[in-house]
>>> print(open('run-v9.csv').read())   # CSV, C-alpha atoms
chain,number,residue,atom,x,y,z
A,1,MET,CA,141.5,226.3,-3.9
A,2,ALA,CA,141.8,226.4,-7.7
A,3,ARG,CA,140.9,229.8,-9.1
A,4,LYS,CA,138.5,228.3,-11.5
A,5,SER,CA,136.3,226.7,-8.9
A,6,GLN,CA,136.4,229.8,-6.7
A,7,LYS,CA,135.0,231.8,-9.6
A,8,LYS,CA,132.3,229.3,-10.1
A,9,PHE,CA,131.3,229.5,-6.4
A,10,GLU,CA,131.2,233.2,-6.6
A,11,GLU,CA,128.8,233.0,-9.5
A,12,ILE,CA,126.5,230.6,-7.7
A,13,VAL,CA,126.4,232.7,-4.6
A,14,GLU,CA,125.8,235.9,-6.6
A,15,ARG,CA,122.8,234.2,-8.3
A,16,PHE,CA,121.5,233.1,-4.9
A,17,VAL,CA,121.8,236.6,-3.5
A,18,GLU,CA,119.8,237.9,-6.4
A,19,LEU,CA,117.1,235.3,-5.6
A,20,LYS,CA,117.1,236.4,-2.0
A,21,ASP,CA,117.0,240.1,-2.7
A,22,THR,CA,114.2,239.7,-5.3
A,23,SER,CA,112.1,237.7,-2.9
A,24,GLU,CA,112.5,240.3,-0.2
A,25,LEU,CA,111.8,243.1,-2.5
A,26,MET,CA,108.6,241.3,-3.5
A,27,ILE,CA,107.5,241.2,0.1
A,28,ASP,CA,108.0,244.9,0.5
A,29,LEU,CA,106.2,245.7,-2.8
A,30,ALA,CA,103.4,243.4,-1.9
A,31,TYR,CA,102.8,245.2,1.4
A,32,SER,CA,103.1,248.5,-0.5
A,33,SER,CA,100.4,247.4,-2.9
A,34,LEU,CA,98.1,246.8,0.0
A,35,LEU,CA,99.0,250.1,1.7
A,36,LEU,CA,98.3,252.1,-1.5
A,37,ASN,CA,95.6,249.7,-2.8
A,38,SER,CA,97.6,249.8,-6.0
A,39,LYS,CA,97.0,247.3,-8.8
A,40,GLU,CA,100.1,248.5,-10.6
A,41,LEU,CA,102.3,247.6,-7.7
A,42,ALA,CA,100.5,244.3,-7.2
A,43,GLU,CA,101.1,243.5,-10.9
A,44,GLU,CA,104.7,244.3,-10.5
A,45,VAL,CA,104.9,241.7,-7.7
A,46,GLN,CA,103.3,239.1,-10.1
A,47,LYS,CA,105.8,240.0,-12.8
A,48,LEU,CA,108.6,239.5,-10.4
A,49,GLU,CA,107.2,236.2,-9.4
A,50,GLU,CA,107.5,235.0,-13.0
A,51,TYR,CA,111.1,236.5,-13.1
A,52,MET,CA,111.8,234.6,-9.9
A,53,ASP,CA,110.8,231.3,-11.5
A,54,LYS,CA,113.3,231.9,-14.3
A,55,LEU,CA,116.0,233.0,-12.0
A,56,HIS,CA,115.5,230.0,-9.8
A,57,THR,CA,115.7,227.5,-12.7
A,58,GLU,CA,118.9,229.1,-13.9
A,59,PHE,CA,120.3,229.0,-10.4
A,60,GLU,CA,119.5,225.3,-10.0
A,61,LEU,CA,120.9,224.4,-13.4
A,62,LEU,CA,124.1,226.3,-12.6
A,63,VAL,CA,124.5,224.4,-9.3
A,64,LEU,CA,123.7,221.0,-10.9
A,65,SER,CA,126.2,221.6,-13.7
A,66,SER,CA,129.0,222.5,-11.3
A,67,LYS,CA,130.4,219.0,-10.8
A,68,PHE,CA,131.1,219.2,-7.1
A,69,LYS,CA,133.4,216.9,-5.3
A,70,LYS,CA,131.7,214.5,-2.9
A,71,GLU,CA,132.8,216.4,0.2
A,72,GLU,CA,131.6,219.7,-1.3
A,73,ALA,CA,128.2,218.4,-2.2
A,74,LYS,CA,126.5,218.7,1.2
A,75,GLY,CA,127.3,222.4,1.5
A,76,PHE,CA,125.7,223.0,-1.9
A,77,LEU,CA,122.7,221.0,-1.1
A,78,GLY,CA,122.1,223.6,1.7
A,79,LEU,CA,122.3,226.3,-1.0
A,80,ILE,CA,119.9,224.5,-3.3
A,81,ARG,CA,117.4,224.3,-0.4
A,82,LEU,CA,117.9,228.0,0.4
A,83,GLY,CA,116.9,228.6,-3.3
A,84,VAL,CA,113.7,226.7,-2.7
A,85,VAL,CA,113.0,228.9,0.3
A,86,THR,CA,113.3,232.1,-1.7
A,87,GLU,CA,110.7,230.7,-4.0
A,88,LYS,CA,108.4,230.1,-1.1
A,89,ILE,CA,108.8,233.7,0.1
A,90,ALA,CA,108.1,234.9,-3.4
A,91,ASP,CA,104.9,232.9,-3.4
A,92,ALA,CA,103.8,234.5,-0.1
A,93,ALA,CA,104.4,237.9,-1.6
A,94,ALA,CA,102.3,237.0,-4.6
A,95,GLN,CA,99.6,235.8,-2.3
A,96,ILE,CA,99.5,239.2,-0.6
A,97,ALA,CA,99.5,241.0,-3.9
A,98,GLU,CA,96.7,238.8,-5.1
A,99,VAL,CA,94.3,240.3,-2.5
A,100,VAL,CA,94.7,243.6,-4.3
A,101,LEU,CA,94.4,242.2,-7.8
A,102,ARG,CA,91.2,240.4,-6.8
A,103,GLY,CA,89.6,243.7,-6.0
A,104,ILE,CA,89.3,243.1,-2.3
A,105,GLU,CA,89.2,246.5,-0.6
A,106,PRO,CA,92.1,246.3,1.9
A,107,HIS,CA,90.8,246.4,5.4
A,108,PRO,CA,92.0,249.5,7.3
A,109,VAL,CA,93.7,247.3,9.9
A,110,LEU,CA,96.1,246.1,7.2
A,111,ALA,CA,97.4,249.6,6.4
A,112,LEU,CA,97.7,250.2,10.2
A,113,ALA,CA,99.6,247.0,10.8
A,114,ILE,CA,102.0,247.8,7.9
A,115,GLU,CA,102.5,251.4,9.0
A,116,GLU,CA,103.1,250.5,12.6
A,117,ALA,CA,105.5,247.7,11.9
A,118,GLU,CA,109.2,248.0,12.9
A,119,GLU,CA,110.2,248.0,9.3
A,120,THR,CA,107.7,250.2,7.8
A,121,ILE,CA,106.7,251.1,4.3
A,122,THR,CA,105.9,254.6,3.4
A,123,TYR,CA,105.0,256.7,0.3
A,124,THR,CA,105.4,260.3,-0.5
A,125,LYS,CA,104.9,262.6,-3.5
A,126,VAL,CA,107.8,264.6,-4.8
A,127,THR,CA,106.8,268.3,-4.9
A,128,GLU,CA,108.2,271.1,-7.1
A,129,ASN,CA,110.4,272.6,-4.4
A,130,SER,CA,111.9,269.3,-3.3
A,131,PRO,CA,115.7,269.0,-3.5
A,132,LEU,CA,115.1,265.5,-4.9
A,133,ALA,CA,113.4,266.7,-8.1
A,134,ASN,CA,115.4,266.1,-11.3
A,135,LYS,CA,118.1,264.3,-9.4
A,136,THR,CA,119.1,260.7,-10.1
A,137,LEU,CA,118.8,258.3,-7.2
A,138,ARG,CA,122.6,258.1,-7.1
A,139,GLU,CA,122.7,261.9,-6.6
A,140,ALA,CA,119.8,262.0,-4.2
A,141,LYS,CA,121.5,259.8,-1.6
A,142,ILE,CA,118.2,258.9,0.0
A,143,PRO,CA,119.5,255.9,2.1
A,144,GLU,CA,122.4,257.9,3.5
A,145,GLU,CA,120.1,260.9,4.3
A,146,THR,CA,117.1,259.1,5.7
A,147,GLY,CA,117.9,255.4,6.2
A,148,MET,CA,115.0,254.7,3.8
A,149,TRP,CA,115.3,252.6,0.7
A,150,VAL,CA,113.3,253.4,-2.4
A,151,LEU,CA,111.5,250.3,-3.5
A,152,ALA,CA,109.5,251.6,-6.4
A,153,ILE,CA,108.5,254.9,-8.0
A,154,LYS,CA,104.9,255.3,-9.1
A,155,ARG,CA,104.7,257.7,-12.0
A,156,GLY,CA,101.1,258.1,-13.3
A,157,ASP,CA,99.9,254.7,-14.0
A,158,LYS,CA,103.4,253.2,-14.3
A,159,CYS,CA,105.4,251.6,-11.7
A,160,ILE,CA,109.2,251.9,-12.1
A,161,ARG,CA,111.7,249.8,-10.3
A,162,PRO,CA,114.5,252.3,-9.6
A,163,LYS,CA,118.1,252.0,-10.7
A,164,LEU,CA,120.8,254.4,-9.5
A,165,GLU,CA,120.5,256.3,-12.8
A,166,THR,CA,116.7,256.7,-12.5
A,167,ARG,CA,115.8,260.4,-12.4
A,168,ILE,CA,113.2,261.5,-9.9
A,169,GLN,CA,110.5,263.8,-11.4
A,170,VAL,CA,108.1,266.2,-9.8
A,171,GLY,CA,104.8,264.3,-9.1
A,172,ASP,CA,106.5,260.9,-8.6
A,173,ILE,CA,105.3,258.9,-5.7
A,174,LEU,CA,108.3,257.4,-3.9
A,175,ILE,CA,107.6,254.1,-2.2
A,176,ALA,CA,110.2,253.3,0.4
A,177,SER,CA,110.9,250.9,3.2
A,178,GLY,CA,113.0,251.3,6.3
A,179,TYR,CA,112.7,252.0,10.0
A,180,ALA,CA,109.9,254.2,11.1
A,181,GLU,CA,112.3,256.9,12.2
A,182,GLY,CA,113.4,257.6,8.7
A,183,GLU,CA,109.9,258.2,7.4
A,184,GLU,CA,109.7,261.8,8.5
A,185,ASP,CA,113.1,262.6,7.0
A,186,LEU,CA,112.0,261.2,3.7
A,187,LYS,CA,108.8,263.1,3.7
A,188,LYS,CA,110.6,266.4,4.5
A,189,LEU,CA,113.0,265.8,1.6
A,190,ALA,CA,110.3,264.9,-0.9
A,191,ALA,CA,107.7,267.6,0.1
A,192,PRO,CA,109.5,270.3,2.1
B,1,MET,CA,107.8,215.8,19.1
B,2,PRO,CA,106.9,218.5,21.6
B,3,PRO,CA,103.2,218.9,22.3
B,4,PHE,CA,101.3,221.6,20.5
B,5,GLU,CA,100.0,224.5,22.5
B,6,LYS,CA,96.2,224.0,23.2
B,7,ILE,CA,94.2,226.6,21.3
B,8,GLU,CA,91.2,228.3,23.0
B,9,TYR,CA,89.3,231.2,21.6
B,10,LYS,CA,90.3,234.6,23.1
B,11,PRO,CA,89.5,237.9,21.5
B,12,VAL,CA,92.6,239.5,20.1
B,13,THR,CA,93.2,242.9,18.5
B,14,VAL,CA,93.6,242.1,14.9
B,15,ARG,CA,95.8,245.1,14.2
B,16,GLU,CA,98.3,244.2,17.0
B,17,VAL,CA,98.4,240.5,16.0
B,18,LEU,CA,98.9,241.3,12.3
B,19,ARG,CA,101.6,243.7,13.2
B,20,GLU,CA,103.4,241.2,15.4
B,21,MET,CA,103.1,238.5,12.7
B,22,LYS,CA,104.6,240.9,10.1
B,23,ASN,CA,107.4,241.9,12.4
B,24,LEU,CA,108.2,238.4,13.6
B,25,SER,CA,108.1,236.9,10.1
B,26,GLU,CA,110.6,239.4,8.8
B,27,LEU,CA,112.8,239.1,11.8
B,28,MET,CA,112.7,235.3,11.4
B,29,ILE,CA,113.8,235.5,7.8
B,30,ASP,CA,116.8,237.6,8.7
B,31,LEU,CA,117.7,235.5,11.8
B,32,ALA,CA,117.4,232.3,9.7
B,33,TYR,CA,119.7,233.5,7.0
B,34,SER,CA,122.1,234.6,9.7
B,35,ALA,CA,121.9,231.1,11.2
B,36,ALA,CA,122.6,229.5,7.9
B,37,LEU,CA,125.4,232.0,7.0
B,38,PHE,CA,127.2,231.7,10.3
B,39,ASN,CA,126.3,228.0,10.7
B,40,ASP,CA,124.8,228.6,14.1
B,41,LYS,CA,122.5,225.9,15.5
B,42,ASP,CA,121.4,227.8,18.6
B,43,LEU,CA,120.2,230.7,16.5
B,44,ALA,CA,118.4,228.2,14.2
B,45,GLU,CA,116.7,226.6,17.2
B,46,ASP,CA,115.5,230.1,18.3
B,47,VAL,CA,114.0,230.6,14.8
B,48,LEU,CA,112.1,227.3,15.2
B,49,GLU,CA,110.7,228.6,18.5
B,50,LEU,CA,109.5,231.8,17.0
B,51,GLU,CA,107.7,229.8,14.3
B,52,LYS,CA,105.6,228.2,17.0
B,53,ARG,CA,104.7,231.6,18.3
B,54,ILE,CA,103.5,232.7,14.8
B,55,ASP,CA,101.4,229.5,14.4
B,56,THR,CA,99.6,230.3,17.6
B,57,LEU,CA,99.1,233.9,16.7
B,58,ALA,CA,97.7,232.7,13.3
B,59,TYR,CA,95.1,230.6,15.1
B,60,HIS,CA,93.9,233.4,17.3
B,61,LEU,CA,93.8,235.9,14.4
B,62,GLU,CA,91.7,233.5,12.3
B,63,MET,CA,89.2,232.8,15.0
B,64,THR,CA,88.8,236.5,15.7
B,65,THR,CA,88.2,237.3,12.0
B,66,MET,CA,85.6,234.5,11.9
B,67,VAL,CA,83.7,235.9,14.8
B,68,ALA,CA,83.9,239.4,13.4
B,69,ALA,CA,82.2,238.6,10.1
B,70,ARG,CA,78.4,239.2,10.5
B,71,ASP,CA,77.4,239.2,6.9
B,72,ALA,CA,78.7,238.7,3.3
B,73,LYS,CA,80.1,242.2,3.1
B,74,ASP,CA,82.1,241.7,6.3
B,75,ALA,CA,83.4,238.5,4.9
B,76,GLU,CA,84.5,240.1,1.7
B,77,VAL,CA,86.6,242.7,3.6
B,78,LEU,CA,87.9,240.2,6.2
B,79,VAL,CA,89.1,237.6,3.7
B,80,GLY,CA,91.9,240.0,2.7
B,81,VAL,CA,93.1,240.1,6.4
B,82,SER,CA,93.0,236.4,6.6
B,83,LYS,CA,95.0,235.9,3.4
B,84,VAL,CA,97.6,238.4,4.4
B,85,ALA,CA,98.0,236.7,7.8
B,86,ALA,CA,98.3,233.4,6.0
B,87,ALA,CA,101.1,234.9,3.9
B,88,THR,CA,103.1,236.0,6.9
B,89,ASP,CA,102.6,232.5,8.3
B,90,LYS,CA,104.0,231.1,5.1
B,91,ILE,CA,107.0,233.5,5.3
B,92,SER,CA,107.7,232.2,8.8
B,93,ASP,CA,107.5,228.7,7.5
B,94,ALA,CA,110.1,229.6,4.9
B,95,ALA,CA,112.3,230.9,7.7
B,96,ALA,CA,111.9,227.7,9.6
B,97,ASP,CA,112.9,225.8,6.4
B,98,ILE,CA,116.1,227.8,6.4
B,99,ALA,CA,116.7,227.0,10.1
B,100,ALA,CA,116.1,223.3,9.5
B,101,ILE,CA,119.0,223.3,7.0
B,102,VAL,CA,121.2,224.2,9.9
B,103,THR,CA,119.6,222.0,12.6
B,104,GLN,CA,119.7,219.0,10.3
B,105,ASN,CA,123.4,219.4,9.8
B,106,ILE,CA,123.3,220.1,6.1
B,107,GLY,CA,124.6,223.6,6.4
B,108,VAL,CA,126.1,225.7,3.7
B,109,HIS,CA,129.6,225.3,2.4
B,110,PRO,CA,132.1,227.6,4.2
B,111,ILE,CA,133.1,229.1,0.9
B,112,VAL,CA,129.5,230.0,0.3
B,113,SER,CA,129.3,231.7,3.7
B,114,GLU,CA,132.4,233.6,2.9
B,115,ILE,CA,131.2,234.9,-0.5
B,116,PHE,CA,127.7,235.4,0.8
B,117,GLU,CA,129.0,237.7,3.5
B,118,ARG,CA,130.8,239.8,0.9
B,119,VAL,CA,127.9,240.0,-1.6
B,120,GLU,CA,124.9,240.3,0.7
B,121,GLU,CA,124.5,243.9,1.8
B,122,ARG,CA,121.6,243.7,4.2
B,123,LEU,CA,122.9,241.6,7.1
B,124,THR,CA,126.1,241.7,9.0
B,125,LYS,CA,127.8,240.2,12.0
B,126,ALA,CA,130.2,242.2,14.1
B,127,LYS,CA,132.1,241.6,17.4
B,128,VAL,CA,132.2,244.4,19.9
B,129,ASN,CA,135.8,245.3,20.7
B,130,GLU,CA,136.5,246.5,24.3
B,131,LYS,CA,137.6,249.9,22.8
B,132,SER,CA,134.3,250.4,21.0
B,133,VAL,CA,132.3,253.4,21.9
B,134,LEU,CA,129.2,251.2,22.0
B,135,VAL,CA,130.3,249.4,25.1
B,136,GLY,CA,128.1,250.2,28.1
B,137,LYS,CA,125.5,252.0,26.0
B,138,GLU,CA,121.8,251.0,25.8
B,139,ILE,CA,120.6,250.0,22.4
B,140,GLY,CA,117.8,252.6,22.6
B,141,GLU,CA,120.2,255.5,23.3
B,142,LEU,CA,122.4,254.6,20.3
B,143,LYS,CA,119.5,255.5,18.0
B,144,LEU,CA,120.9,253.3,15.2
B,145,ALA,CA,117.8,253.3,13.1
B,146,PRO,CA,117.5,257.1,12.7
B,147,ARG,CA,121.2,257.6,12.6
B,148,MET,CA,122.3,255.0,10.1
B,149,GLY,CA,119.2,252.9,9.1
B,150,VAL,CA,120.3,249.8,10.9
B,151,ASP,CA,118.7,247.6,13.6
B,152,ILE,CA,120.3,245.0,15.9
B,153,ILE,CA,118.3,241.8,15.6
B,154,ALA,CA,120.3,239.5,17.8
B,155,ILE,CA,123.2,239.5,20.3
B,156,PHE,CA,125.4,236.6,21.1
B,157,ARG,CA,126.6,236.8,24.7
B,158,GLU,CA,127.8,234.1,27.1
B,159,ASN,CA,126.9,231.3,24.8
B,160,ASP,CA,123.3,232.5,24.4
B,161,TRP,CA,121.4,234.5,21.9
B,162,ILE,CA,119.3,237.5,22.8
B,163,ILE,CA,116.8,237.8,20.1
B,164,ASN,CA,115.4,241.2,19.1
B,165,PRO,CA,117.1,242.9,22.1
B,166,LYS,CA,115.1,245.5,24.0
B,167,GLU,CA,115.9,249.3,24.0
B,168,ASN,CA,117.4,249.1,27.5
B,169,GLU,CA,119.8,246.2,26.7
B,170,LYS,CA,123.4,247.4,27.2
B,171,VAL,CA,126.1,246.5,24.7
B,172,LYS,CA,129.0,244.7,26.3
B,173,ALA,CA,132.6,244.1,25.1
B,174,GLY,CA,132.8,240.7,23.5
B,175,ASP,CA,129.2,240.7,22.3
B,176,ILE,CA,128.6,239.5,18.8
B,177,LEU,CA,125.9,241.6,17.1
B,178,ILE,CA,123.8,240.6,14.1
B,179,ALA,CA,122.3,243.7,12.4
B,180,ARG,CA,120.3,244.4,9.3
B,181,GLY,CA,119.9,247.6,7.4
B,182,THR,CA,121.4,249.7,4.6
B,183,HIS,CA,124.8,248.8,3.3
B,184,GLU,CA,126.4,252.1,4.4
B,185,GLY,CA,124.9,251.9,7.8
B,186,LEU,CA,126.1,248.4,8.4
B,187,ARG,CA,129.6,249.3,7.4
B,188,GLU,CA,129.5,252.2,9.9
B,189,LEU,CA,128.2,249.9,12.6
B,190,LYS,CA,131.0,247.4,12.0
B,191,GLU,CA,133.6,250.1,12.3
B,192,LEU,CA,132.0,251.3,15.5
B,193,CYS,CA,132.1,247.8,16.9
B,194,GLU,CA,135.7,247.3,16.0
B,195,GLY,CA,136.7,250.6,17.5
B,196,LYS,CA,137.9,252.1,14.2
B,197,LEU,CA,135.2,254.7,14.4
B,198,ASP,CA,134.8,256.4,17.7
B,199,LYS,CA,132.0,258.9,17.1
B,200,LEU,CA,128.3,258.4,16.5
B,201,GLU,CA,127.3,260.9,13.9
B,202,ASP,CA,123.9,262.4,13.6
>>> encode(input="run-v9.csv", output="structure tokens")
Amino acid sequence: MARKSQKKFEEIVERFVELKDTSELMIDLAYSSLLLNSKELAEEVQKLEEYMDKLHTEFELLVLSSKFKKEEAKGFLGLIRLGVVTEKIADAAAQIAEVVLRGIEPHPVLALAIEEAEETITYTKVTENSPLANKTLREAKIPEETGMWVLAIKRGDKCIRPKLETRIQVGDILIASGYAEGEEDLKKLAAP
Amino acid sequence: MPPFEKIEYKPVTVREVLREMKNLSELMIDLAYSAALFNDKDLAEDVLELEKRIDTLAYHLEMTTMVAARDAKDAEVLVGVSKVAAATDKISDAAADIAAIVTQNIGVHPIVSEIFERVEERLTKAKVNEKSVLVGKEIGELKLAPRMGVDIIAIFRENDWIINPKENEKVKAGDILIARGTHEGLRELKELCEGKLDKLED
């Protein structure tokens, strides 16, 4: 295959993976907003929903402007449809977050169902004596140590979406997803 | 068109049904992407089956919440439960949409699959080599989730898919595992399957 078209395919797939990852992050954040009854997190989901719309349009335009050969077209139709699905997942996440934004007090069974799920969501406050304090996420190596993935950091009224360079501060609330087994490890790290 | 399952009221535990709907909807998304990625029709069919299960659960949950509401205040609290359940149903619909891309022979381009597998960091497929330390072990005893943050969501064995394998399921040589989890964990699992790594670290 010509190198030029290979590069184009790479770009399209990378854009799609961003759509996919964003839609899944939204689901996790939406459940987190319920668990913490947090409007900040729910608003973050709504913001991501707008961002998804933009991403999705860019993705579709990129695919449409790629001048595929007839035999390639079907395979890319599949990809376009996958893009539409990510949008649907994002909508579902926004629907969950809306419950919080409408001021509906989340029923206790919701928190229980989320906490008892296979892929759970947990939150923990970083205390002064935590080895995580003042480390960047890159240095903290939380996924390697605990198997948990930090979705968001709640700092006061703000909700930060973490990058590897983000520095963890004392008092931060880390919101993380992963398998239930990693929850204890994370809590021990954050608040020993 | 297969007939729909007849729905009759039966009281269900809202907490358990919600938990199952959440688990299933997320499992379905990962299985559906795997089906699309590896262009596997059987796996896609299994996703469509699970979708029916969620639909049935959604009916039972909705009826139970209706019966549970005695006054306006109850209704205000329960509407949230109902909305969240509807959202998990929507997520499972989305997974079924992905599966339909495969069952309707549209598929995704092989180049897309190849790049996707490289870029996507949450899902992987690995074949269990006969030299692998995993052979003969039960999934539960491997403790993959606490050790490396990964979970085996499906096993392909003897032309059949085992979906969401149980703790006591033994890994066999020749199995194809589909797993989800952290990037580092998946890489480790792949090396274990291929026999390149022969120790399970704590």
>>> residues_around(input="run-v9.csv", residues="Gln95 in chain A", least_positions_apart="4", cutoff="8 Å", atoms="all atoms listed in the file", output="list in words")
Asp91 and Val99 of chain A; Lys83, Val84 and Ala87 of chain B
>>> closest_atom_pairs(input="run-v9.csv", of="chain A", to="chain B", cutoff="8 Å", atoms="all atoms listed in the file", output="CSV")
residue,atom,partner,partner_atom,distance
A:Phe9,CA,B:Val112,CA,7.0
A:Glu10,CA,B:Ile115,CA,6.3
A:Val13,CA,B:Phe116,CA,6.2
A:Glu14,CA,B:Val119,CA,6.8
A:Val17,CA,B:Glu120,CA,6.4
A:Glu72,CA,B:His109,CA,7.0
A:Lys74,CA,B:Ile106,CA,6.0
A:Gly75,CA,B:His109,CA,3.8
A:Phe76,CA,B:Val108,CA,6.2
A:Leu77,CA,B:Ile106,CA,7.3
A:Gly78,CA,B:Val108,CA,4.9
A:Leu79,CA,B:Val108,CA,6.1
A:Arg81,CA,B:Ile101,CA,7.6
A:Leu82,CA,B:Ile98,CA,6.3
A:Val85,CA,B:Ala94,CA,5.5
A:Thr86,CA,B:Ala94,CA,7.7
A:Lys88,CA,B:Ala94,CA,6.3
A:Ile89,CA,B:Ile91,CA,5.5
A:Ala92,CA,B:Ala87,CA,4.8
A:Ala93,CA,B:Ala87,CA,7.1
A:Gln95,CA,B:Ala87,CA,6.4
A:Ile96,CA,B:Val84,CA,5.4
A:Val99,CA,B:Gly80,CA,5.7
A:Ile104,CA,B:Gly80,CA,6.4
A:Glu105,CA,B:Val77,CA,6.2
A:Pro106,CA,B:Gly80,CA,6.4
A:His107,CA,B:Val77,CA,5.9
A:Val109,CA,B:Arg15,CA,5.3
A:Leu110,CA,B:Val81,CA,6.8
A:Leu112,CA,B:Arg15,CA,6.8
A:Ala113,CA,B:Arg19,CA,4.5
A:Ile114,CA,B:Arg19,CA,6.7
A:Glu116,CA,B:Arg19,CA,7.0
A:Ala117,CA,B:Arg19,CA,5.7
A:Glu118,CA,B:Asn23,CA,6.4
A:Glu119,CA,B:Asn23,CA,7.4
A:Pro143,CA,B:Thr182,CA,6.9
A:Glu144,CA,B:Glu184,CA,7.1
A:Thr146,CA,B:Pro146,CA,7.3
A:Gly147,CA,B:Gly149,CA,4.0
A:Met148,CA,B:Gly149,CA,7.0
A:Trp149,CA,B:Thr182,CA,7.8
A:Gly178,CA,B:Gly149,CA,7.0
A:Tyr179,CA,B:Ala145,CA,6.1
A:Glu181,CA,B:Pro146,CA,5.2
A:Gly182,CA,B:Pro146,CA,5.7
>>> residues_around(input="run-v9.csv", residues="Lys188 in chain A", least_positions_apart="4", cutoff="10 Å", atoms="only C-alpha atoms", output="JSON, numbers by chain")
{"A": [124, 126, 130, 131, 146, 183, 184, 192]}
>>> closest_residue(input="run-v9.csv", among="A:Ile173, A:Leu35, A:Val45, A:Ala133", to="Asp157 in chain A", atoms="only C-alpha atoms")
A:Ile173
>>> closest_residue(input="run-v9.csv", among="B:Lys196, B:Lys125, B:Lys6, B:Lys172", to="Phe38 in chain B", atoms="all atoms listed in the file")
B:Lys125
>>> atom_distance(input="run-v9.csv", atom1="CA of Phe4 in chain B", atom2="CA of Asn164 in chain B")
24.2 Å
>>> residues_around(input="run-v9.csv", residues="Ile142 in chain A", least_positions_apart="3", cutoff="10 Å", atoms="only C-alpha atoms", output="tab-separated table (two decimals) with C-alpha atoms, in the coordinates of the input")
chain	number	residue	atom	x	y	z
A	132	LEU	CA	115.10	265.50	-4.90
A	137	LEU	CA	118.80	258.30	-7.20
A	138	ARG	CA	122.60	258.10	-7.10
A	139	GLU	CA	122.70	261.90	-6.60
A	145	GLU	CA	120.10	260.90	4.30
A	146	THR	CA	117.10	259.10	5.70
A	147	GLY	CA	117.90	255.40	6.20
A	148	MET	CA	115.00	254.70	3.80
A	149	TRP	CA	115.30	252.60	0.70
A	150	VAL	CA	113.30	253.40	-2.40
A	176	ALA	CA	110.20	253.30	0.40
A	185	ASP	CA	113.10	262.60	7.00
A	186	LEU	CA	112.00	261.20	3.70
A	189	LEU	CA	113.00	265.80	1.60
A	190	ALA	CA	110.30	264.90	-0.90
>>> residues_around(input="run-v9.csv", residues="Asp175 in chain B", least_positions_apart="6", cutoff="6 Å", atoms="only C-alpha atoms", output="ChimeraX atom specification")
/B:127-128,156-157
>>> atom_distance(input="run-v9.csv", atom1="CA of Asp21 in chain A", atom2="CA of Lys187 in chain A")
25.2 Å
>>> residues_around(input="run-v9.csv", residues="Thr166 in chain A", least_positions_apart="3", cutoff="10 Å", atoms="only C-alpha atoms", output="PyMOL selection string")
chain A and resi 134-139+153+160-163+169
>>> atom_distance(input="run-v9.csv", atom1="CA of Lys8 in chain A", atom2="CA of Leu186 in chain B")
27.3 Å
